[in-house]
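Below is one structure; the comments refer to it alone.
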Amino acid sequence: MRTKTYTPRRRLAGLTLVELMVALSIGAFLVIGAITVFMQSRTTFRVSESISRLQENARYVLDSLEPDLRMAHYWGLTSRTIKIQGRATPLDPIPAGLAVANDCGQNWAINLAEEIGGTNNGYAWACPAFNGAPQPTADTLVIRRVSEDPIILPQAGILYIQSARFQDGQLFPGPAVPPGYVAATSQTHQLIVNGYYVSPNSTLDTPGNPIPSLRMKTLIGGGAGGPRIVDQEVLPGVEDFQVQFGIDTDPVGAVNRGSIDRYVNPGDPIITPGDPAFLPDAQLLAVRLWFRIRAERPENGFTDTTNYVYADQNVAAPNDQFRRTIVSRTIYIRNAIAPT
């Protein structure tokens, strides 16, 4: 006779309340950790992006001005503006046919005697700045020269300089080249005039957040408007712009002629004709530039407590949420020629 042994069925038990609470706590810690890592990574990315943007802007602004400055004193086949007919100073009447609309002063664009100029801690040009107000403590810089490459077909409404090696140059409006020049021994170059300054505003302004910018008064032409000065934005975020000129003060024929003796601000007496301290033999050999560049947007959790000392500036800490950097470069004028 067989007997069956009865085995009671085991009851299936789930998680106890304590086990569930422990699992939820561990899961919550893991989620909080993941969120913390994500937020820290996001903050690090934003900081890195802001710093990279500042560095990119710094490279761009230096690379924009350097070629313009290096070509200063270039006038085609002639090396001296005194040999160019049609030039005029602010004290001269405007030459016939050479009027420039919206000019920044009497004969500002065609004042070829001042190949490199500027103002120190102020905006003195007669043309209005962008949005009506320049940055009051920033310097200005103006560069006058001609285009690197000769022009084959001059156009109406554009100013050009015709130059030859053994003949005076001539400033003229296109399209007709002045008579008396042989095509095989002369060249036509477009007149280039760029004046740099800082505005407290830019095209990227938003309500409550004006963004400063480096801007340029530049000579253009063509079309019905003829030669004219227009305002263009070079780079938003430039808060200050400072300039100093490297000057050789040695007289012509001196042993050390051709080396920089000192750096001076624009408008320094030794380079200002008519000033008692003016040095007629002073020669501008280099230009030193400083840019204070600001981020376009404030950064939460950051405070700028840096005191900025550069050029002739000593700027107290802004104590705001904008990141800033200062960049500087010295650019030598390769076409500079000592007066004789």
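Residues are referred to by chain and number: the chain letter is A, B, ... according to the order shown in the structure tokens, the number counts from 1 in that chain, and ligands are numbered separately from 1 in the order shown.
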From a DSSP pass on the backbone, collect the residues of range 188-308 of chain A flagged as strand (DSSP E or B) and hand them back as a tab-separated table (two decimals) with C-alpha atoms, in the first residue's frame.
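Listing of out-v6.tsv after writing:
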```tsv
chain	number	residue	atom	x	y	z
A	188	THR	CA	46.13	102.36	-60.46
A	189	HIS	CA	45.28	101.53	-56.84
A	190	GLN	CA	42.09	102.13	-54.88
A	191	LEU	CA	42.37	104.50	-51.92
A	192	ILE	CA	41.72	102.65	-48.64
A	193	VAL	CA	40.74	104.58	-45.49
A	194	ASN	CA	39.69	102.81	-42.28
A	195	GLY	CA	39.03	104.50	-38.95
A	196	TYR	CA	38.57	102.21	-35.92
A	197	TYR	CA	36.71	103.12	-32.72
A	198	VAL	CA	34.60	101.53	-29.96
A	199	SER	CA	30.88	102.00	-29.48
A	206	THR	CA	19.02	93.19	-26.49
A	209	ASN	CA	21.95	94.26	-22.32
A	213	SER	CA	31.62	96.69	-30.31
A	214	LEU	CA	34.66	97.62	-32.34
A	215	ARG	CA	33.48	99.58	-35.36
A	216	MET	CA	35.03	101.07	-38.46
A	217	LYS	CA	34.47	104.22	-40.49
A	218	THR	CA	35.50	103.11	-43.95
A	219	LEU	CA	35.72	104.74	-47.37
A	220	ILE	CA	33.63	103.07	-50.06
A	228	ARG	CA	31.41	108.11	-49.03
A	229	ILE	CA	32.18	107.10	-45.47
A	230	VAL	CA	30.06	104.33	-43.96
A	231	ASP	CA	29.99	102.76	-40.51
A	232	GLN	CA	30.60	99.01	-40.25
A	233	GLU	CA	30.78	96.64	-37.29
A	234	VAL	CA	34.06	94.76	-36.96
A	235	LEU	CA	33.34	92.69	-33.84
A	236	PRO	CA	30.78	92.79	-31.01
A	238	VAL	CA	35.05	94.79	-27.69
A	239	GLU	CA	34.76	96.98	-24.61
A	240	ASP	CA	37.94	99.05	-24.96
A	241	PHE	CA	40.60	99.76	-27.56
A	242	GLN	CA	43.96	101.36	-26.75
A	243	VAL	CA	46.73	102.39	-29.12
A	244	GLN	CA	50.36	103.44	-28.74
A	245	PHE	CA	52.84	104.35	-31.46
A	246	GLY	CA	56.43	103.11	-31.50
A	247	ILE	CA	58.52	106.17	-32.39
A	248	ASP	CA	62.11	106.55	-33.53
A	262	ARG	CA	59.71	105.04	-27.06
A	263	TYR	CA	56.00	104.28	-27.27
A	264	VAL	CA	53.64	107.24	-27.07
A	283	GLN	CA	59.33	108.33	-37.39
A	284	LEU	CA	56.46	105.96	-36.60
A	285	LEU	CA	57.79	102.40	-36.88
A	286	ALA	CA	55.23	100.28	-35.03
A	287	VAL	CA	51.75	100.32	-33.52
A	288	ARG	CA	50.88	98.55	-30.27
A	289	LEU	CA	47.25	97.55	-29.80
A	290	TRP	CA	45.25	96.51	-26.72
A	291	PHE	CA	41.70	95.15	-26.75
A	292	ARG	CA	39.53	94.50	-23.71
A	293	ILE	CA	36.97	91.96	-24.86
A	294	ARG	CA	33.81	91.12	-22.94
A	308	TYR	CA	42.59	95.69	-15.46
```
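Among the candidates A:Gly122, A:Gly97, A:Gly222, A:Gly274, the residue lying nearest to Pro154 in chain A is A:Gly222 (atoms considered: only C-alpha atoms).
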Close residues, Cys104 in chain A itself excluded, 6 Å, only C-alpha atoms, min 4 positions apart in chain, as a ChimeraX atom specification: /A:108,125-127
Residue contacts of Ile152 in chain A (12 Å, only C-alpha atoms) excluding same-chain residues fewer than 6 positions away, as a PyMOL selection string: chain A and resi 160+162+174-177+183+186-190
